[in-house]
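Containing mmCIF, C-alpha atoms and all ligand atoms: my_file-v9.cif.
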```cif
data_input
#
loop_
_atom_site.label_atom_id
_atom_site.label_comp_id
_atom_site.auth_asym_id
_atom_site.auth_seq_id
_atom_site.Cartn_x
_atom_site.Cartn_y
_atom_site.Cartn_z
CA MET A 1 0.00 0.00 0.00
CA GLU A 2 1.14 3.53 -0.69
CA LEU A 3 0.42 6.91 0.90
CA LYS A 4 0.73 10.04 -1.22
CA ILE A 5 0.84 13.41 0.47
CA TRP A 6 -0.86 15.96 -1.76
CA GLY A 7 -0.95 18.52 1.03
CA GLY A 8 -1.26 18.96 4.79
CA ALA A 9 1.97 17.35 6.06
CA GLY A 10 4.81 19.74 6.85
CA GLU A 11 2.45 22.72 6.53
CA HIS A 12 -0.73 24.24 7.89
CA GLY A 13 -3.45 23.84 5.27
CA ARG A 14 -4.58 21.95 2.13
CA SER A 15 -4.96 18.59 3.91
CA CYS A 16 -5.09 15.90 1.24
CA TYR A 17 -3.92 12.30 1.58
CA VAL A 18 -4.32 9.50 -0.96
CA LEU A 19 -4.01 5.82 -0.04
CA THR A 20 -3.62 3.31 -2.85
CA GLY A 21 -3.94 -0.44 -2.54
CA GLU A 22 -4.59 -3.16 -5.12
CA GLN A 23 -8.31 -2.50 -5.46
CA HIS A 24 -8.90 0.80 -3.73
CA ARG A 25 -7.65 4.34 -4.02
CA ILE A 26 -9.12 6.52 -1.28
CA MET A 27 -8.68 10.20 -0.47
CA LEU A 28 -8.79 11.74 2.99
CA ASP A 29 -9.79 15.44 2.87
CA CYS A 30 -9.16 17.91 0.07
CA GLY A 31 -8.54 21.38 1.47
CA VAL A 32 -6.87 24.67 0.69
CA LYS A 33 -4.13 26.76 2.22
CA LYS A 34 -4.91 30.37 3.11
CA GLU A 35 -1.85 31.94 1.55
CA GLY A 36 -1.76 34.36 -1.36
CA THR A 37 -4.86 33.80 -3.49
CA GLY A 38 -5.14 30.27 -2.09
CA GLN A 39 -2.97 27.20 -2.50
CA TYR A 40 -4.45 23.87 -3.56
CA PRO A 41 -3.30 20.26 -3.07
CA LEU A 42 -0.80 18.81 -5.55
CA LEU A 43 -3.54 16.88 -7.34
CA ASP A 44 -2.55 14.40 -10.03
CA VAL A 45 -5.58 14.87 -12.28
CA ASN A 46 -5.00 11.52 -14.01
CA LEU A 47 -5.58 9.70 -10.73
CA ILE A 48 -8.75 11.52 -9.71
CA PRO A 49 -11.17 9.44 -11.86
CA GLU A 50 -9.61 6.34 -10.27
CA LEU A 51 -10.53 7.34 -6.70
CA THR A 52 -12.87 4.75 -5.22
CA ALA A 53 -14.00 6.80 -2.21
CA VAL A 54 -13.41 10.21 -0.60
CA PHE A 55 -13.69 10.98 3.11
CA LEU A 56 -14.05 14.43 4.67
CA SER A 57 -13.12 14.89 8.34
CA HIS A 58 -14.76 18.33 8.86
CA ALA A 59 -15.90 21.57 7.23
CA HIS A 60 -12.86 23.84 7.79
CA GLU A 61 -11.49 25.24 4.51
CA ASP A 62 -8.08 23.63 4.99
CA HIS A 63 -9.81 20.23 4.70
CA SER A 64 -12.71 20.85 2.33
CA MET A 65 -12.45 23.77 -0.08
CA ALA A 66 -10.61 21.90 -2.87
CA LEU A 67 -13.27 19.15 -3.09
CA PRO A 68 -14.94 20.68 -6.21
CA LEU A 69 -11.66 20.11 -8.09
CA LEU A 70 -12.29 16.37 -7.78
CA TYR A 71 -15.59 16.62 -9.64
CA LYS A 72 -14.08 19.03 -12.15
CA HIS A 73 -11.45 16.40 -12.94
CA GLY A 74 -13.77 13.43 -13.28
CA TYR A 75 -14.50 12.01 -9.83
CA GLU A 76 -17.98 10.51 -9.93
CA GLY A 77 -18.24 9.00 -6.47
CA GLU A 78 -19.43 10.27 -3.14
CA ILE A 79 -17.88 12.10 -0.22
CA TRP A 80 -18.38 10.41 3.14
CA THR A 81 -18.86 12.92 5.94
CA THR A 82 -21.31 14.02 8.63
CA ARG A 83 -24.58 15.96 8.50
CA PRO A 84 -23.29 18.99 10.48
CA THR A 85 -20.27 19.17 8.16
CA VAL A 86 -22.48 19.28 5.06
CA SER A 87 -24.67 21.93 6.65
CA GLN A 88 -21.66 24.19 7.35
CA LEU A 89 -19.98 23.81 3.95
CA GLU A 90 -22.18 26.34 2.18
CA LEU A 91 -20.92 29.14 4.40
CA TYR A 92 -17.31 27.98 3.97
CA PHE A 93 -17.68 28.05 0.18
CA ALA A 94 -19.14 31.57 0.36
CA ASN A 95 -16.28 32.75 2.58
CA TRP A 96 -13.62 31.07 0.48
CA GLY A 97 -15.03 32.76 -2.63
CA LYS A 98 -14.82 36.12 -0.83
CA TYR A 99 -11.29 35.45 0.38
CA VAL A 100 -10.05 34.64 -3.14
CA ALA A 101 -11.91 37.54 -4.77
CA GLY A 102 -10.64 39.91 -2.06
CA ARG A 103 -7.09 39.13 -3.17
CA ASN A 104 -7.87 39.48 -6.87
CA GLY A 105 -7.53 35.75 -7.33
CA GLU A 106 -9.72 33.35 -9.23
CA LEU A 107 -11.30 30.13 -8.03
CA PRO A 108 -9.92 27.13 -9.95
CA TYR A 109 -13.43 25.65 -10.19
CA GLU A 110 -16.92 26.74 -11.26
CA PRO A 111 -20.14 26.96 -9.20
CA GLU A 112 -21.37 23.81 -10.99
CA ASP A 113 -18.38 21.89 -9.63
CA ILE A 114 -19.53 22.90 -6.13
CA SER A 115 -23.09 21.77 -6.82
CA ALA A 116 -21.72 18.48 -8.20
CA LEU A 117 -20.55 17.46 -4.69
CA ARG A 118 -22.44 14.35 -3.56
CA PHE A 119 -22.42 13.26 0.06
CA ARG A 120 -23.01 10.09 2.05
CA ILE A 121 -23.80 10.73 5.68
CA LEU A 122 -21.78 8.63 8.09
CA GLU A 123 -24.07 8.83 11.11
CA GLU A 124 -27.05 7.76 9.01
CA GLU A 125 -25.28 4.53 8.01
CA ALA A 126 -23.51 3.58 11.25
CA SER A 127 -23.22 5.09 14.71
CA ALA A 128 -19.90 6.20 16.19
CA GLY A 129 -17.62 3.23 16.82
CA GLN A 130 -19.57 0.78 14.65
CA TRP A 131 -17.93 -0.87 11.68
CA LEU A 132 -19.45 -0.07 8.32
CA LYS A 133 -18.64 -2.10 5.25
CA LEU A 134 -18.40 0.13 2.18
CA ASP A 135 -17.14 -2.36 -0.35
CA ASP A 136 -15.10 -5.55 -0.60
CA GLY A 137 -11.82 -4.73 1.06
CA LEU A 138 -12.97 -1.44 2.60
CA THR A 139 -14.55 -1.11 6.01
CA LEU A 140 -14.63 1.96 8.22
CA GLN A 141 -15.30 3.18 11.71
CA TRP A 142 -15.72 6.81 12.69
CA GLY A 143 -15.81 8.79 15.94
CA ARG A 144 -16.33 12.40 17.03
CA SER A 145 -13.01 14.29 17.13
CA GLY A 146 -13.96 17.23 19.42
CA HIS A 147 -12.50 19.82 17.04
CA MET A 148 -15.63 21.44 15.59
CA LEU A 149 -19.28 20.60 15.10
CA GLY A 150 -19.45 17.45 12.97
CA SER A 151 -15.69 16.75 12.96
CA VAL A 152 -14.64 13.10 12.95
CA TRP A 153 -11.71 10.68 12.94
CA PHE A 154 -11.67 7.57 10.74
CA ARG A 155 -10.35 4.04 11.12
CA PHE A 156 -10.24 1.92 7.99
CA GLN A 157 -9.60 -1.67 7.16
CA MET A 158 -8.43 -1.59 3.63
CA GLU A 159 -7.33 -4.78 1.93
CA GLY A 160 -6.24 -6.37 5.20
CA GLN A 161 -4.42 -3.30 6.58
CA GLN A 162 -5.63 -1.15 9.45
CA LEU A 163 -5.37 2.63 8.91
CA PHE A 164 -6.19 5.56 11.19
CA PHE A 165 -6.76 9.24 10.40
CA SER A 166 -7.27 11.52 13.40
CA GLY A 167 -8.66 14.44 11.36
CA ASP A 168 -8.22 17.57 13.48
CA PHE A 169 -8.50 16.32 17.03
CA SER A 170 -9.03 17.75 20.52
CA ARG A 171 -9.96 16.11 23.78
CA GLU A 172 -10.11 19.47 25.53
CA SER A 173 -13.12 21.14 24.01
CA ALA A 174 -15.40 22.62 26.65
CA LEU A 175 -18.51 21.94 24.59
CA LEU A 176 -17.83 19.22 22.03
CA ALA A 177 -17.60 15.51 22.72
CA ALA A 178 -14.65 13.45 21.50
CA ASP A 179 -14.71 9.65 21.16
CA ALA A 180 -11.44 8.00 22.17
CA PRO A 181 -10.07 6.23 19.11
CA GLY A 182 -8.20 3.72 21.24
CA LYS A 183 -10.74 1.05 21.90
CA PRO A 184 -12.76 -0.11 18.94
CA LEU A 185 -16.30 -0.06 20.34
CA SER A 186 -17.33 -3.14 18.46
CA GLU A 187 -15.35 -5.97 17.01
CA SER A 188 -14.42 -5.68 13.39
CA PRO A 189 -16.43 -7.91 11.06
CA THR A 190 -13.39 -9.10 9.16
CA VAL A 191 -10.37 -8.81 11.44
CA PRO A 192 -10.16 -10.37 14.89
CA ASN A 193 -9.56 -8.00 17.80
CA SER A 194 -6.02 -9.27 18.33
CA SER A 195 -4.78 -7.65 15.15
CA ILE A 196 -6.64 -4.39 15.67
CA SER A 197 -3.79 -2.90 17.69
CA ALA A 198 -1.46 -3.50 14.76
CA THR A 199 -2.38 -0.36 12.87
CA ALA A 200 -0.24 -0.11 9.75
CA LEU A 201 -0.49 3.65 9.34
CA SER A 202 -1.76 6.60 11.35
CA ILE A 203 -2.07 10.13 10.05
CA MET A 204 -2.13 12.22 13.21
CA ASP A 205 -2.92 15.86 13.97
CA ASN A 206 0.04 17.62 15.59
CA ALA A 207 -0.78 21.20 14.57
CA TYR A 208 0.74 22.58 17.80
CA GLY A 209 4.04 20.80 17.30
CA MET A 210 6.20 20.95 20.44
CA ASP A 211 3.62 22.90 22.47
CA GLU A 212 2.80 20.92 25.62
CA GLU A 213 0.48 23.34 27.38
CA SER A 214 -2.95 22.11 28.40
CA GLN A 215 -6.17 23.99 27.73
CA GLU A 216 -6.36 24.83 31.40
CA GLN A 217 -2.92 26.47 31.37
CA LYS A 218 -3.74 28.41 28.22
CA LEU A 219 -7.05 29.64 29.59
CA HIS A 220 -5.43 30.66 32.84
CA ALA A 221 -2.94 32.86 30.95
CA LEU A 222 -5.76 34.32 28.85
CA GLN A 223 -7.80 35.06 31.96
CA GLN A 224 -4.89 36.93 33.58
CA PHE A 225 -4.30 38.96 30.45
CA MET A 226 -7.96 39.86 29.99
CA LEU A 227 -8.33 40.83 33.65
CA GLU A 228 -5.48 43.27 33.22
CA VAL A 229 -6.91 44.84 30.05
CA LEU A 230 -10.47 45.10 31.36
CA GLY A 231 -9.08 46.43 34.64
CA ARG A 232 -7.38 49.33 32.84
CA GLY A 233 -10.68 50.09 31.09
CA GLY A 234 -9.76 48.61 27.72
CA HIS A 235 -11.89 46.53 25.37
CA VAL A 236 -10.66 43.03 24.55
CA LEU A 237 -11.26 42.04 20.93
CA LEU A 238 -11.38 38.30 20.20
CA PRO A 239 -11.50 37.69 16.44
CA VAL A 240 -12.67 34.08 15.98
CA PRO A 241 -14.07 31.84 13.23
CA ALA A 242 -17.88 31.86 12.89
CA PHE A 243 -17.99 28.26 14.10
CA GLY A 244 -15.66 26.71 16.62
CA ARG A 245 -13.58 28.22 19.37
CA GLY A 246 -15.67 31.43 19.38
CA GLN A 247 -18.61 29.67 20.99
CA GLU A 248 -16.31 27.85 23.42
CA LEU A 249 -14.56 31.06 24.44
CA LEU A 250 -17.89 32.82 24.85
CA VAL A 251 -19.19 30.18 27.28
CA TRP A 252 -15.82 30.28 29.07
CA ALA A 253 -15.89 34.11 29.28
CA LEU A 254 -19.40 34.08 30.73
CA SER A 255 -18.35 31.83 33.58
CA THR A 256 -14.91 33.42 34.10
CA PHE A 257 -16.00 37.07 34.02
CA PRO A 258 -19.53 37.09 35.47
CA ASN A 259 -21.50 40.26 34.71
CA GLN A 260 -18.84 41.49 32.28
CA PRO A 261 -20.61 43.07 29.26
CA ILE A 262 -19.97 41.16 26.05
CA LEU A 263 -20.44 42.33 22.49
CA LEU A 264 -21.19 39.37 20.28
CA GLU A 265 -21.37 39.62 16.50
CA ARG A 266 -24.40 37.90 15.00
CA ALA A 267 -22.48 35.26 13.04
CA ILE A 268 -21.00 33.87 16.27
CA TYR A 269 -24.37 34.04 18.01
CA GLU A 270 -25.83 32.09 15.11
CA GLY A 271 -23.04 29.54 15.44
CA LEU A 272 -24.13 29.14 19.06
CA CYS A 273 -27.77 28.58 18.01
CA GLN A 274 -26.57 26.05 15.48
CA MET A 275 -24.61 24.15 18.13
CA ALA A 276 -27.74 23.90 20.24
CA GLU A 277 -29.40 22.03 17.38
CA TRP A 278 -26.78 19.26 17.30
CA GLU A 279 -26.91 17.88 20.81
CA ALA A 280 -25.51 14.51 19.71
CA TRP A 281 -22.15 16.21 19.08
CA LEU A 282 -21.95 17.94 22.46
CA ARG A 283 -20.58 16.92 25.82
CA PRO A 284 -23.17 16.10 28.46
CA GLY A 285 -24.25 19.39 30.03
CA SER A 286 -23.03 21.58 27.15
CA LEU A 287 -26.50 22.22 25.83
CA HIS A 288 -27.42 23.78 29.15
CA SER A 289 -24.39 26.16 29.01
CA ILE A 290 -25.15 27.07 25.41
CA GLU A 291 -28.78 27.82 26.11
CA GLY A 292 -27.71 29.85 29.15
CA ALA A 293 -25.32 31.90 26.99
CA MET A 294 -28.07 32.55 24.44
CA LYS A 295 -30.28 34.06 27.14
CA THR A 296 -27.68 36.09 29.07
CA LEU A 297 -28.75 39.70 29.32
CA HIS A 298 -25.30 41.29 29.31
CA VAL A 299 -24.46 39.61 25.98
CA HIS A 300 -25.27 42.24 23.36
CA VAL A 301 -25.73 41.22 19.72
CA PRO A 302 -25.67 44.54 17.83
CA GLY A 303 -28.32 44.89 15.13
CA SER A 304 -26.85 48.01 13.51
CA GLN A 305 -23.65 50.00 13.15
CA GLU A 306 -25.19 52.69 15.33
CA GLU A 307 -25.74 50.22 18.15
CA ARG A 308 -22.20 48.88 17.78
CA LEU A 309 -20.74 52.39 18.06
CA HIS A 310 -23.00 53.25 20.96
CA LEU A 311 -21.81 50.18 22.90
CA LEU A 312 -18.12 50.78 22.19
CA GLU A 313 -18.25 54.44 23.17
CA GLY A 314 -19.84 53.84 26.55
CA GLU A 315 -18.03 53.92 29.86
CA GLU A 316 -17.68 50.21 30.30
CA PRO A 317 -15.09 47.99 28.65
CA PHE A 318 -16.40 45.10 26.56
CA ILE A 319 -15.22 41.65 25.59
CA ILE A 320 -15.88 41.66 21.84
CA PHE A 321 -16.32 38.54 19.73
CA THR A 322 -16.17 39.09 15.98
CA THR A 323 -15.41 37.05 12.87
CA ASP A 324 -12.92 36.12 11.50
CA GLY A 325 -9.92 34.54 13.17
CA MET A 326 -7.36 35.90 10.71
CA MET A 327 -9.06 39.33 10.61
CA GLU A 328 -9.50 39.43 6.86
CA SER A 329 -13.16 40.48 7.07
CA PRO A 330 -14.16 44.17 6.88
CA ARG A 331 -15.87 43.91 10.27
CA ALA A 332 -12.75 42.59 12.03
CA ARG A 333 -10.68 45.37 10.49
CA TRP A 334 -13.26 47.94 11.47
CA TYR A 335 -12.97 46.85 15.10
CA ALA A 336 -9.18 46.86 14.89
CA GLU A 337 -9.32 50.42 13.60
CA ARG A 338 -11.70 51.54 16.37
CA LEU A 339 -9.42 50.00 18.98
CA SER A 340 -6.19 51.27 17.45
CA PHE A 341 -6.43 54.72 19.05
CA SER A 342 -5.78 53.70 22.63
CA SER A 343 -3.13 51.54 24.25
CA ASN A 344 -5.71 50.45 26.84
CA HIS A 345 -7.39 48.14 24.34
CA ALA A 346 -6.12 44.74 23.25
CA ILE A 347 -6.65 42.27 20.43
CA VAL A 348 -6.14 38.61 21.22
CA ILE A 349 -5.49 36.20 18.34
CA THR A 350 -6.50 32.77 19.63
CA GLY A 351 -5.75 30.63 16.58
CA HIS A 352 -3.50 30.25 13.55
CA ALA A 353 -2.66 33.44 11.63
CA SER A 354 -1.47 32.65 8.08
CA GLU A 355 1.28 34.53 6.32
CA GLY A 356 0.02 37.76 4.75
CA THR A 357 -3.24 37.95 6.73
CA PHE A 358 -4.21 41.07 8.66
CA ALA A 359 -3.92 39.19 11.98
CA ARG A 360 -0.35 38.17 11.15
CA ARG A 361 0.59 41.70 10.12
CA LEU A 362 -0.90 43.09 13.34
CA LEU A 363 1.08 40.58 15.41
CA ARG A 364 4.26 41.57 13.62
CA GLY A 365 3.53 45.27 14.00
CA GLU A 366 3.45 45.68 10.22
CA THR A 367 0.15 47.57 10.03
CA GLU A 368 -0.18 51.32 10.04
CA GLU A 369 0.34 53.01 13.34
CA THR A 370 -1.67 51.37 16.06
CA TYR A 371 -1.49 51.85 19.80
CA CYS A 372 -3.53 48.93 21.02
CA GLU A 373 -1.83 45.75 22.17
CA THR A 374 -2.02 42.64 19.95
CA VAL A 375 -1.11 39.26 21.39
CA GLN A 376 -1.41 35.63 20.39
CA MET A 377 -2.79 33.36 23.10
CA GLY A 378 -4.09 30.08 21.82
CA TYR A 379 -7.27 28.20 22.56
CA LYS A 380 -6.63 24.53 21.88
CA ILE A 381 -8.59 22.81 19.14
CA HIS A 382 -5.70 20.61 17.94
CA GLN A 383 -3.08 18.29 19.39
CA GLY A 384 0.21 19.36 20.93
CA LEU A 385 3.13 17.17 21.91
CA ASP A 386 1.54 15.60 24.96
CA ASP A 387 -1.68 14.82 23.09
CA VAL A 388 0.36 13.07 20.41
CA ARG A 389 2.13 10.95 23.06
CA TYR A 390 -1.28 9.95 24.41
CA MET A 391 -2.65 9.08 20.98
CA LEU A 392 0.47 7.04 20.12
CA HIS A 393 -0.39 4.84 23.09
CA GLU A 394 -4.03 4.65 22.08
CA VAL A 395 -3.34 3.85 18.45
CA PRO A 396 0.05 2.13 18.27
CA SER A 397 1.05 2.04 14.61
CA ARG A 398 3.91 0.77 12.49
CA HIS A 399 4.00 4.14 10.72
CA THR A 400 2.73 7.44 12.09
CA VAL A 401 2.74 10.56 9.95
CA LEU A 402 2.47 13.74 12.03
CA VAL A 403 0.66 16.48 10.15
CA HIS A 404 -0.69 20.05 10.25
CA ALA A 405 2.50 21.87 11.38
CA PRO A 406 5.44 23.40 9.46
CA LYS A 407 8.09 20.81 8.60
CA PRO A 408 10.87 22.16 10.89
CA GLU A 409 8.45 22.00 13.84
CA THR A 410 7.40 18.43 12.95
CA ASN A 411 11.09 17.49 12.68
CA ARG A 412 11.66 18.77 16.23
CA VAL A 413 8.73 16.71 17.52
CA ILE A 414 10.07 13.59 15.86
CA VAL A 415 13.56 14.04 17.30
CA CYS A 416 12.06 14.57 20.73
CA LEU A 417 9.70 11.55 20.57
CA ALA A 418 12.33 9.29 18.98
CA GLY A 419 14.54 10.15 21.99
CA GLU A 420 11.74 8.88 24.23
CA GLY A 421 11.63 5.59 22.32
CA TYR A 422 8.69 6.13 19.95
CA LEU A 423 9.30 4.40 16.62
CA GLY A 424 7.99 4.74 13.08
CA LEU A 425 7.29 8.47 13.14
CA HIS A 426 7.44 10.44 9.89
CA SER A 427 7.81 14.11 9.05
CA LEU A 428 6.66 14.42 5.42
CA GLN A 429 5.70 17.21 3.04
CA PRO A 430 3.54 17.77 -0.04
CA GLY A 431 4.78 15.44 -2.78
CA SER A 432 6.10 12.80 -0.34
CA ILE A 433 5.26 9.14 -0.90
CA LEU A 434 5.36 6.54 1.87
CA GLN A 435 5.29 2.78 1.18
CA ILE A 436 3.47 0.86 3.88
ZN ZN B 501 -9.99 22.15 11.42
ZN ZN B 502 -7.11 21.76 9.91
#
```

What is this file in structure tokens?
Ligand SMILES: [Zn+2]
Ligand SMILES: [Zn+2]
Amino acid sequence: MELKIWGGAGEHGRSCYVLTGEQHRIMLDCGVKKEGTGQYPLLDVNLIPELTAVFLSHAHEDHSMALPLLYKHGYEGEIWTTRPTVSQLELYFANWGKYVAGRNGELPYEPEDISALRFRILEEEASAGQWLKLDDGLTLQWGRSGHMLGSVWFRFQMEGQQLFFSGDFSRESALLAADAPGKPLSESPTVPNSSISATALSIMDNAYGMDEESQEQKLHALQQFMLEVLGRGGHVLLPVPAFGRGQELLVWALSTFPNQPILLERAIYEGLCQMAEWEAWLRPGSLHSIEGAMKTLHVHVPGSQEERLHLLEGEEPFIIFTTDGMMESPRARWYAERLSFSSNHAIVITGHASEGTFARRLLRGETEETYCETVQMGYKIHQGLDDVRYMLHEVPSRHTVLVHAPKPETNRVIVCLAGEGYLGLHSLQPGSILQI
């Protein structure tokens, strides 16, 4: 069997892995990289019509936005994913279109290639942890990966080999449930349990590279920082994606800073309402926190620009949640401009900021004169070093490819883990091929 990396290893973005056996050629994710006018996986268009199945781990653009290229180049099959993922894709396509147009780029596919996407819904065919036979020589199991609404990991049995793909994975979400991939919940129909531990290949999220901090440690640092800013009368701006850590940070902020006024942009509020509709993906008790947040009186969702200005110009400092995480949207920039006049205010970037984005330029001090403080303090939605150690014990594999971080960082992780006795780890890059 052979693994081809078409994107996603040794970099952040354009996740795309192709596994080829005798009978099957499957693809895991097909995303883009938010750099320049967008970078796409290194697709070999001659191989695309030969794909026998495609699997999508979640809706984020770095895993999904190149999928129309498959249909453009002759793929006629289906994409296996979850219902919440399908329901979020429309917004991601709209935003990706805006991102590309905003940089005078052109999409490499047409609207009809987007409408050509055909889905098969995992949870309608098998529940989490159950084995589902797709074809002779291809069986799968999926579980919730705790990274965003509808995100999953996959375990495959393909032509007698066991394969694992973590997708983007987090055990530390405050709201989302994650299923441990370690123990298969039911026995495989074709392979006895004894050989299940002998996974041939794992593709494993290590987006945070060497970072070993826990969510608790990160949130403690964020709390201290925000207390200081609010204490000096400054607003704290948290630019976040419409779906994902924004809702988690909102629920966290409500319990950490009781009575603190919060300004919440509608898109993030709507993300919260959407979460409430997918209880099966939440941790026990999360629905209660989400519904509480939706009803909290000191959470203001501005309906007009006038209201927004009125709130910002009042006496009290606000915690502000706006889209988007990399601050490319006009609204995020508008807030940054409003806050730029005083050194009391602060902007906190809580996720990845790609090269060339406004968030990255702010962090580097490359924007026009600004007095407000900009810091990067992460909220975990991926795996760091310690999470990888844990997963290596859960899913022991002959080969493990660590993905989602720049290559030099992945190299450091591999040196460190090899020193601790972990074997079979790989740091690869787009274009790499691994024989299994
Ligand atoms: Zn993701
Ligand atoms: Zn990702």

May I have the residues within 7 Å of segment 155-172 of chain A as number ranges by chain, using only C-alpha atoms and disregarding those fewer than 6 positions away in the same chain?
A: 57, 137-142, 145-147, 178, 199-205, 215, 381-383

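Among A:Ile290, A:Ala59, A:Ala53, A:Val299, the residue with the shortest atom-to-atom distance to ligand ZN 502 (chain B), counting only C-alpha atoms and all ligand atoms, is A:Ala59.
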
Tell me which of A:Val54, A:Leu149, A:Leu122, A:Ile48 sits closest to ligand ZN 501 (chain B), counting only C-alpha atoms and all ligand atoms.
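Selected residue with least distance to ligand ZN 501 (chain B): A:Leu149.
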
Counting all atoms listed in the file, which residues of chain A fall within 12 Å of ligand ZN 502 (chain B), and what is the closest atom pair for each with its distance in Å at one decimal, ordered by chain and rising number, as a Markdown table?
```
| residue | atom | partner | partner_atom | distance |
| --- | --- | --- | --- | --- |
| A:Gly7 | CA | B:ZN502 | ZN | 11.3 |
| A:Gly8 | CA | B:ZN502 | ZN | 8.3 |
| A:Ala9 | CA | B:ZN502 | ZN | 10.8 |
| A:Glu11 | CA | B:ZN502 | ZN | 10.2 |
| A:His12 | CA | B:ZN502 | ZN | 7.1 |
| A:Gly13 | CA | B:ZN502 | ZN | 6.3 |
| A:Arg14 | CA | B:ZN502 | ZN | 8.2 |
| A:Ser15 | CA | B:ZN502 | ZN | 7.1 |
| A:Cys16 | CA | B:ZN502 | ZN | 10.7 |
| A:Asp29 | CA | B:ZN502 | ZN | 9.8 |
| A:Cys30 | CA | B:ZN502 | ZN | 10.8 |
| A:Gly31 | CA | B:ZN502 | ZN | 8.6 |
| A:Val32 | CA | B:ZN502 | ZN | 9.7 |
| A:Lys33 | CA | B:ZN502 | ZN | 9.6 |
| A:Lys34 | CA | B:ZN502 | ZN | 11.2 |
| A:Leu56 | CA | B:ZN502 | ZN | 11.4 |
| A:Ser57 | CA | B:ZN502 | ZN | 9.3 |
| A:His58 | CA | B:ZN502 | ZN | 8.4 |
| A:Ala59 | CA | B:ZN502 | ZN | 9.2 |
| A:His60 | CA | B:ZN502 | ZN | 6.5 |
| A:Glu61 | CA | B:ZN502 | ZN | 7.8 |
| A:Asp62 | CA | B:ZN502 | ZN | 5.4 |
| A:His63 | CA | B:ZN502 | ZN | 6.1 |
| A:Ser64 | CA | B:ZN502 | ZN | 9.5 |
| A:Met65 | CA | B:ZN502 | ZN | 11.5 |
| A:Ser145 | CA | B:ZN502 | ZN | 11.9 |
| A:His147 | CA | B:ZN502 | ZN | 9.1 |
| A:Met148 | CA | B:ZN502 | ZN | 10.2 |
| A:Ser151 | CA | B:ZN502 | ZN | 10.4 |
| A:Val152 | CA | B:ZN502 | ZN | 11.9 |
| A:Ser166 | CA | B:ZN502 | ZN | 10.8 |
| A:Gly167 | CA | B:ZN502 | ZN | 7.6 |
| A:Asp168 | CA | B:ZN502 | ZN | 5.6 |
| A:Phe169 | CA | B:ZN502 | ZN | 9.1 |
| A:Ser170 | CA | B:ZN502 | ZN | 11.5 |
| A:Met204 | CA | B:ZN502 | ZN | 11.3 |
| A:Asp205 | CA | B:ZN502 | ZN | 8.3 |
| A:Asn206 | CA | B:ZN502 | ZN | 10.0 |
| A:Ala207 | CA | B:ZN502 | ZN | 7.9 |
| A:Tyr208 | CA | B:ZN502 | ZN | 11.2 |
| A:Gly244 | CA | B:ZN502 | ZN | 11.9 |
| A:Gly351 | CA | B:ZN502 | ZN | 11.2 |
| A:His352 | CA | B:ZN502 | ZN | 9.9 |
| A:Ile381 | CA | B:ZN502 | ZN | 9.4 |
| A:His382 | CA | B:ZN502 | ZN | 8.2 |
| A:Gln383 | CA | B:ZN502 | ZN | 10.9 |
| A:Val403 | CA | B:ZN502 | ZN | 9.4 |
| A:His404 | CA | B:ZN502 | ZN | 6.7 |
| A:Ala405 | CA | B:ZN502 | ZN | 9.7 |
```

Residue neighbourhood Gln223 of chain A, 12 Å, all atoms listed in the file, exclusion window fewer than 5 positions, as a ChimeraX atom specification
/A:215-218,228-231,236,249,252-257,319,348,377-379

8 Å contact set for Glu106 of chain A, only C-alpha atoms, chain neighbours under 4 positions out, as a PDB file with C-alpha atoms, in the coordinates of the input:
```
ATOM      1  CA  THR A  37      -4.860  33.800  -3.490  1.00  0.00           C
ATOM      2  CA  VAL A 100     -10.050  34.640  -3.140  1.00  0.00           C
ATOM      3  CA  ALA A 101     -11.910  37.540  -4.770  1.00  0.00           C
TER       4      ALA A 101
END
```

Can you list, as a PyMOL selection string, every protein, DNA or RNA residue that comes within 12 Å of Gly303 of chain A when you count only C-alpha atoms, leaving out same-chain residues fewer than 3 positions away?
chain A and resi 263-267+269+300+306-311

File dump, residues just selected, C-alpha atoms, as an mmCIF file, in the frame of the given file:
```
data_model
loop_
_atom_site.group_PDB
_atom_site.id
_atom_site.type_symbol
_atom_site.label_atom_id
_atom_site.label_comp_id
_atom_site.auth_asym_id
_atom_site.auth_seq_id
_atom_site.Cartn_x
_atom_site.Cartn_y
_atom_site.Cartn_z
ATOM 1 C CA LEU A 263 -20.440 42.330 22.490
ATOM 2 C CA LEU A 264 -21.190 39.370 20.280
ATOM 3 C CA GLU A 265 -21.370 39.620 16.500
ATOM 4 C CA ARG A 266 -24.400 37.900 15.000
ATOM 5 C CA ALA A 267 -22.480 35.260 13.040
ATOM 6 C CA TYR A 269 -24.370 34.040 18.010
ATOM 7 C CA HIS A 300 -25.270 42.240 23.360
ATOM 8 C CA GLU A 306 -25.190 52.690 15.330
ATOM 9 C CA GLU A 307 -25.740 50.220 18.150
ATOM 10 C CA ARG A 308 -22.200 48.880 17.780
ATOM 11 C CA LEU A 309 -20.740 52.390 18.060
ATOM 12 C CA HIS A 310 -23.000 53.250 20.960
ATOM 13 C CA LEU A 311 -21.810 50.180 22.900
#
```

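The shortest atom-to-atom distance to ligand ZN 501 (chain B), with all atoms listed in the file taken into account, belongs to A:Thr85 out of A:Pro396, A:Leu312, A:Thr85, A:Val388.
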
Taking into account only C-alpha atoms, which residue in the set A:Met226, A:Val18, A:Ala180, A:Leu417 is nearest to Val375 of chain A?
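Using only C-alpha atoms, the shortest distance to Val375 of chain A belongs to A:Met226.
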
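Shell of segment 422-427 of chain A at 8 Å, with all atoms listed in the file counted and residues fewer than 3 places along the chain excluded, is A:Ala9, A:Gly10, A:Ser397, A:Arg398, A:His399, A:Thr400, A:Val401, A:Leu402, A:Val403, A:Lys407, A:Thr410, A:Asn411, A:Ile414, A:Leu417, A:Ala418, A:Gly419.
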